[in-house]
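> First, the structure itself, so that you have it in front of you.
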Amino acid sequence: MSDWLFDLGNSRFKFAPLQGDRAGDVQAWAHGAEGMAAQPPHSLPTGGTAFVASVAAPSLTTAMLQQLQSRFGDVRVVRTSAECAGVRIAYAKPEKFGVDRFLALLAAATARRPVLVVGVGTALTIDLLDADGQHHGGRISASPTTMREALHARAVQLPASGGDYSEFANDTADALASGCDGAAVALVERSARQAQALLGVAPALLVHGGGAPALMPLLDGAEYHPSLVLDGLARWAVHQPAG
């Protein structure tokens, strides 16, 4: 029976078959109470073991685990550990380090090079990993989408979406897109400069997450890895910590 990988994020639910130590073809659903309810039960796969990562609300996580437990012989939920597959987490309390960030580092470490891993979802996360697998910490900020939504919530005349990036916009929607995307890009660029100063070499820039495509044209030399978390979950499945 086949094994499957499941990634329940704050905005999307993604799953893929486990193929060796990587994720196979990825399927994605929008989720939330309405999105999950709209999916028929038979749209989920069945198999031997389900490997699950979740940063979603506990109620949504519980609902999905219940579905998976009825369709798989074994369901294993990943937790962040201090060390796994050669990656060593910088946090003194590794359990406080988000499992999505942890898995992205596991996937990024396969290249054995310094990397700055940028996740663009509900939050903007930035993590530095050296070529030896040592994590040097990172940052968490609001993503451009969350910035837009927060501005709209406080000032409804400011649209929550739309507009095109411009260095000096002459339209409100464009100015919002430029300001929020630009803020994210500036934080990534500063992190890259500080990473180079710390390591003595410029790290590769790996970007993933639903909001990544909008930032890719603004980040010189960045590599887009849409399935980075699922690929990391695949590595975790192969290299699960003892206990």
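Going through the structure tokens in order, the chains are called A, B, and so on, while each chain numbers its residues from 1 and the ligands are numbered from 1 in the order shown.
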Can you tell me which residues surround region 220-229 of chain A at a distance of at most 6 Å, considering only C-alpha atoms, apart from same-chain residues fewer than 6 positions away, and format the answer as a PyMOL selection string?

chain A and resi 103-104+205-208

> Using only C-alpha atoms, please write the residues we just selected to a file, as an mmCIF file, in the first residue's frame.


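In the end it all went to result_14.cif:
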```
data_model
loop_
_atom_site.group_PDB
_atom_site.id
_atom_site.type_symbol
_atom_site.label_atom_id
_atom_site.label_comp_id
_atom_site.auth_asym_id
_atom_site.auth_seq_id
_atom_site.Cartn_x
_atom_site.Cartn_y
_atom_site.Cartn_z
ATOM 1 C CA LEU A 103 10.493 20.703 7.103
ATOM 2 C CA ALA A 104 11.515 23.378 4.591
ATOM 3 C CA LEU A 205 17.780 31.982 -1.961
ATOM 4 C CA LEU A 206 14.997 29.361 -1.897
ATOM 5 C CA VAL A 207 11.421 30.647 -1.943
ATOM 6 C CA HIS A 208 8.239 28.670 -1.386
#
```

> Identify, with DSSP run on backbone atoms, the residues in region 4-214 of chain A assigned to alpha helix (DSSP H), and express the list as a PyMOL selection string.

chain A and resi 33-37+58-69+99-108+144-154+172-199+212-214

> Would you mind telling me which residue in A:Ser191, A:Thr125, A:Thr49, A:Gln19 lies nearest to Ser70 (chain A) when using only C-alpha atoms?

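Closest to Ser70 (chain A), using only C-alpha atoms: A:Thr49.
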
> Can you work out which one of A:Ala53, A:Ala237, A:Ala30, A:Leu18 has the shortest atom-to-atom distance to Val78 (chain A), counting only C-alpha atoms?

A:Ala53

> Just the residues within 7 Å of Pro144 (chain A), please, counting only C-alpha atoms, with nothing from its chain fewer than 3 positions along; format it as JSON, numbers by chain.

{"A": [147, 148, 180, 181, 184]}

> Any chance you could export the current selection's N, CA, C and O atoms as a PDB file, in the first residue's frame?


```pdb
ATOM      1  N   MET A 147      -0.449  41.756   5.092  1.00  0.00           N
ATOM      2  CA  MET A 147      -0.343  43.217   5.222  1.00  0.00           C
ATOM      3  C   MET A 147      -1.535  43.900   4.563  1.00  0.00           C
ATOM      4  O   MET A 147      -2.143  44.811   5.139  1.00  0.00           O
ATOM      5  N   ARG A 148      -1.863  43.465   3.355  1.00  0.00           N
ATOM      6  CA  ARG A 148      -2.984  44.059   2.629  1.00  0.00           C
ATOM      7  C   ARG A 148      -4.283  43.865   3.392  1.00  0.00           C
ATOM      8  O   ARG A 148      -5.113  44.791   3.501  1.00  0.00           O
ATOM      9  N   CYS A 180       3.613  46.711  -0.003  1.00  0.00           N
ATOM     10  CA  CYS A 180       3.603  45.461   0.757  1.00  0.00           C
ATOM     11  C   CYS A 180       4.569  44.436   0.171  1.00  0.00           C
ATOM     12  O   CYS A 180       5.322  43.789   0.916  1.00  0.00           O
ATOM     13  N   ASP A 181       4.574  44.299  -1.158  1.00  0.00           N
ATOM     14  CA  ASP A 181       5.567  43.407  -1.767  1.00  0.00           C
ATOM     15  C   ASP A 181       6.979  43.931  -1.523  1.00  0.00           C
ATOM     16  O   ASP A 181       7.902  43.165  -1.240  1.00  0.00           O
ATOM     17  N   ALA A 184       8.342  43.135   1.949  1.00  0.00           N
ATOM     18  CA  ALA A 184       8.807  41.750   2.046  1.00  0.00           C
ATOM     19  C   ALA A 184      10.158  41.579   1.363  1.00  0.00           C
ATOM     20  O   ALA A 184      11.075  40.944   1.909  1.00  0.00           O
TER      21      ALA A 184
END
```

> To one decimal in Å, tell me the separation between CA of Lys93 (chain A) and CA of Phe15 (chain A).

28.3 Å

> Rank A:Leu215, A:Ala85, A:Ala23, A:Ala56 by their smallest atom-to-atom distance to Ser178 (chain A), using only C-alpha atoms, and report the top residue only.

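Among A:Leu215, A:Ala85, A:Ala23, A:Ala56, it is A:Leu215 that comes nearest to Ser178 (chain A).
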
> Write out as an MDAnalysis selection string the residues lying within 9 Å of Ala192 (chain A), counting only C-alpha atoms and excluding same-chain residues fewer than 5 positions away.

chainID A and resid 116 128 187 197 202:205

> Find the spatial neighbours of Thr62 (chain A), counting only C-alpha atoms, within a cut-off of 12 Å - ignore same-chain residues fewer than 5 positions away - and output them as an MDAnalysis selection string.

chainID A and resid 8 52:57 67:69 77

> Take the residues that were just selected and, keeping N, CA and C atoms, output them as a PDB file, in the first residue's frame.


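Output (out-v4.pdb):
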```pdb
ATOM      1  N   LEU A   8      -0.993  20.537   6.070  1.00  0.00           N
ATOM      2  CA  LEU A   8      -2.151  21.378   6.365  1.00  0.00           C
ATOM      3  C   LEU A   8      -1.648  22.733   6.850  1.00  0.00           C
ATOM      4  N   VAL A  52       1.913  13.457   8.356  1.00  0.00           N
ATOM      5  CA  VAL A  52       1.129  14.686   8.420  1.00  0.00           C
ATOM      6  C   VAL A  52       1.906  15.801   9.101  1.00  0.00           C
ATOM      7  N   ALA A  53       1.884  16.993   8.483  1.00  0.00           N
ATOM      8  CA  ALA A  53       2.384  18.219   9.108  1.00  0.00           C
ATOM      9  C   ALA A  53       1.250  19.221   9.124  1.00  0.00           C
ATOM     10  N   SER A  54       1.066  19.910  10.236  1.00  0.00           N
ATOM     11  CA  SER A  54      -0.016  20.894  10.309  1.00  0.00           C
ATOM     12  C   SER A  54       0.391  22.094  11.150  1.00  0.00           C
ATOM     13  N   VAL A  55       0.097  23.282  10.607  1.00  0.00           N
ATOM     14  CA  VAL A  55       0.204  24.517  11.380  1.00  0.00           C
ATOM     15  C   VAL A  55      -1.156  25.195  11.445  1.00  0.00           C
ATOM     16  N   ALA A  56      -2.201  24.466  11.056  1.00  0.00           N
ATOM     17  CA  ALA A  56      -3.557  25.009  11.047  1.00  0.00           C
ATOM     18  C   ALA A  56      -4.155  24.991  12.450  1.00  0.00           C
ATOM     19  N   ALA A  57      -5.346  25.552  12.571  1.00  0.00           N
ATOM     20  CA  ALA A  57      -6.044  25.581  13.851  1.00  0.00           C
ATOM     21  C   ALA A  57      -6.273  24.168  14.363  1.00  0.00           C
ATOM     22  N   GLN A  67     -10.251  12.039   9.474  1.00  0.00           N
ATOM     23  CA  GLN A  67     -10.468  11.502   8.130  1.00  0.00           C
ATOM     24  C   GLN A  67      -9.331  10.573   7.716  1.00  0.00           C
ATOM     25  N   LEU A  68      -8.113  10.983   7.992  1.00  0.00           N
ATOM     26  CA  LEU A  68      -6.964  10.169   7.579  1.00  0.00           C
ATOM     27  C   LEU A  68      -6.906   8.853   8.353  1.00  0.00           C
ATOM     28  N   GLN A  69      -7.275   8.867   9.630  1.00  0.00           N
ATOM     29  CA  GLN A  69      -7.233   7.649  10.434  1.00  0.00           C
ATOM     30  C   GLN A  69      -8.205   6.596   9.919  1.00  0.00           C
ATOM     31  N   VAL A  77       2.233  12.097  12.841  1.00  0.00           N
ATOM     32  CA  VAL A  77       2.257  13.560  12.813  1.00  0.00           C
ATOM     33  C   VAL A  77       3.665  14.032  13.159  1.00  0.00           C
TER      34      VAL A  77
END
```

> Would you compute the distance between CA of Leu219 (chain A) and CA of Val185 (chain A)? Give it in Å to one decimal.

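Between CA of Leu219 (chain A) and CA of Val185 (chain A) the gap works out to 6.9 Å.
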
> Need to verify the contact set: Ala50 (chain A), 6 Å, only C-alpha atoms, exclusion of same-chain residues closer than 3 positions in sequence. Can you return it as an mmCIF file with N, CA, C and O atoms, in the first residue's frame?


```cif
data_model
loop_
_atom_site.group_PDB
_atom_site.id
_atom_site.type_symbol
_atom_site.label_atom_id
_atom_site.label_comp_id
_atom_site.auth_asym_id
_atom_site.auth_seq_id
_atom_site.Cartn_x
_atom_site.Cartn_y
_atom_site.Cartn_z
ATOM 1 N N ASP A 3 2.265 5.102 0.639
ATOM 2 C CA ASP A 3 2.334 6.072 1.724
ATOM 3 C C ASP A 3 2.153 7.473 1.141
ATOM 4 O O ASP A 3 2.581 7.742 0.002
ATOM 5 N N TRP A 4 1.558 8.360 1.930
ATOM 6 C CA TRP A 4 1.222 9.700 1.447
ATOM 7 C C TRP A 4 1.690 10.760 2.434
ATOM 8 O O TRP A 4 1.832 10.509 3.638
ATOM 9 N N LEU A 5 1.901 11.964 1.891
ATOM 10 C CA LEU A 5 2.334 13.143 2.658
ATOM 11 C C LEU A 5 1.214 14.166 2.665
ATOM 12 O O LEU A 5 0.617 14.437 1.614
ATOM 13 N N VAL A 75 -1.097 6.725 10.965
ATOM 14 C CA VAL A 75 -1.018 8.164 10.757
ATOM 15 C C VAL A 75 0.048 8.710 11.699
ATOM 16 O O VAL A 75 -0.055 8.550 12.922
#
```

> Taking the DSSP secondary structure from the backbone, can you list the residues of region 56-218 of chain A that are strand (DSSP E), as JSON, numbers by chain?

{"A": [72, 73, 74, 75, 76, 77, 83, 84, 87, 88, 115, 116, 117, 118, 119, 120, 123, 124, 125, 126, 127, 128, 129, 135, 136, 137, 138, 139, 140, 141, 142, 204, 205, 206, 207, 208]}

> Counting only C-alpha atoms, what is within 10 Å of Leu158 (chain A), bar same-chain residues fewer than 2 positions away, as a list of chain:residue names?

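With the cut-off at 10 Å, the set is A:Arg148, A:Glu149, A:Ala150, A:Leu151, A:His152, A:Ala153, A:Arg154, A:Ala155, A:Val156, A:Ala160, A:Ser161, A:Thr172, A:Ala173, A:Leu176.
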
> Could those residues be written to a file, using all heavy atoms, as a short mmCIF file (atom, residue, chain, number, x, y, z; two decimals), in the first residue's frame?


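The resulting file, again.cif, is shown below:
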```cif
data_model
loop_
_atom_site.label_atom_id
_atom_site.label_comp_id
_atom_site.auth_asym_id
_atom_site.auth_seq_id
_atom_site.Cartn_x
_atom_site.Cartn_y
_atom_site.Cartn_z
N ARG A 148 -1.86 43.46 3.35
CA ARG A 148 -2.98 44.06 2.63
C ARG A 148 -4.28 43.87 3.39
O ARG A 148 -5.11 44.79 3.50
CB ARG A 148 -3.09 43.44 1.22
CG ARG A 148 -1.97 43.76 0.26
CD ARG A 148 -1.98 45.21 -0.19
NE ARG A 148 -3.19 45.59 -0.89
CZ ARG A 148 -3.35 45.53 -2.22
NH1 ARG A 148 -2.39 45.04 -2.98
NH2 ARG A 148 -4.48 45.95 -2.78
N GLU A 149 -4.51 42.66 3.89
CA GLU A 149 -5.75 42.37 4.62
C GLU A 149 -5.83 43.19 5.91
O GLU A 149 -6.91 43.67 6.27
CB GLU A 149 -5.82 40.88 4.93
CG GLU A 149 -6.02 40.02 3.68
CD GLU A 149 -5.91 38.54 3.96
OE1 GLU A 149 -5.45 38.17 5.06
OE2 GLU A 149 -6.25 37.75 3.05
N ALA A 150 -4.71 43.37 6.59
CA ALA A 150 -4.70 44.16 7.82
C ALA A 150 -5.00 45.63 7.53
O ALA A 150 -5.77 46.28 8.26
CB ALA A 150 -3.35 44.02 8.52
N LEU A 151 -4.43 46.17 6.46
CA LEU A 151 -4.70 47.56 6.09
C LEU A 151 -6.17 47.74 5.72
O LEU A 151 -6.81 48.72 6.13
CB LEU A 151 -3.81 47.97 4.92
CG LEU A 151 -2.35 48.24 5.26
CD1 LEU A 151 -1.52 48.35 3.98
CD2 LEU A 151 -2.21 49.51 6.08
N HIS A 152 -6.70 46.78 4.98
CA HIS A 152 -8.11 46.86 4.58
C HIS A 152 -9.03 46.79 5.80
O HIS A 152 -10.05 47.48 5.86
CB HIS A 152 -8.43 45.73 3.61
CG HIS A 152 -9.86 45.69 3.17
ND1 HIS A 152 -10.42 46.65 2.35
CD2 HIS A 152 -10.85 44.80 3.45
CE1 HIS A 152 -11.70 46.35 2.14
NE2 HIS A 152 -11.99 45.24 2.81
N ALA A 153 -8.65 45.96 6.77
CA ALA A 153 -9.46 45.83 7.99
C ALA A 153 -9.51 47.12 8.78
O ALA A 153 -10.54 47.44 9.41
CB ALA A 153 -8.92 44.69 8.86
N ARG A 154 -8.44 47.90 8.75
CA ARG A 154 -8.39 49.16 9.49
C ARG A 154 -8.89 50.34 8.67
O ARG A 154 -9.30 51.36 9.23
CB ARG A 154 -6.95 49.42 9.95
CG ARG A 154 -6.42 48.43 10.96
CD ARG A 154 -7.14 48.54 12.30
NE ARG A 154 -6.94 49.83 12.92
CZ ARG A 154 -5.93 50.11 13.76
NH1 ARG A 154 -5.03 49.16 14.04
NH2 ARG A 154 -5.81 51.30 14.30
N ALA A 155 -8.81 50.22 7.33
CA ALA A 155 -9.23 51.32 6.44
C ALA A 155 -9.88 50.68 5.21
O ALA A 155 -9.19 50.32 4.25
CB ALA A 155 -8.04 52.19 6.04
N VAL A 156 -11.20 50.52 5.24
CA VAL A 156 -11.88 49.71 4.22
C VAL A 156 -11.75 50.31 2.83
O VAL A 156 -11.97 49.61 1.83
CB VAL A 156 -13.36 49.52 4.58
CG1 VAL A 156 -13.50 48.69 5.85
CG2 VAL A 156 -14.07 50.86 4.73
N ALA A 160 -8.13 45.21 -0.47
CA ALA A 160 -7.37 44.11 0.12
C ALA A 160 -6.55 43.34 -0.89
O ALA A 160 -5.71 42.52 -0.50
CB ALA A 160 -8.32 43.17 0.85
N SER A 161 -6.78 43.56 -2.16
CA SER A 161 -6.01 42.86 -3.19
C SER A 161 -5.98 43.72 -4.45
O SER A 161 -6.65 44.76 -4.53
CB SER A 161 -6.64 41.50 -3.50
OG SER A 161 -7.96 41.66 -3.98
N THR A 172 -3.55 54.00 -6.18
CA THR A 172 -3.58 53.46 -4.82
C THR A 172 -3.39 51.96 -4.77
O THR A 172 -2.61 51.44 -3.96
CB THR A 172 -4.90 53.84 -4.13
OG1 THR A 172 -4.97 55.26 -4.00
CG2 THR A 172 -4.98 53.22 -2.73
N ALA A 173 -4.08 51.22 -5.65
CA ALA A 173 -3.92 49.76 -5.64
C ALA A 173 -2.48 49.38 -5.97
O ALA A 173 -1.90 48.49 -5.33
CB ALA A 173 -4.88 49.12 -6.63
N LEU A 176 -0.26 50.11 -2.97
CA LEU A 176 -0.38 49.09 -1.93
C LEU A 176 0.39 47.84 -2.29
O LEU A 176 1.12 47.27 -1.46
CB LEU A 176 -1.86 48.76 -1.70
CG LEU A 176 -2.66 49.81 -0.94
CD1 LEU A 176 -4.16 49.59 -1.13
CD2 LEU A 176 -2.32 49.78 0.55
#
```
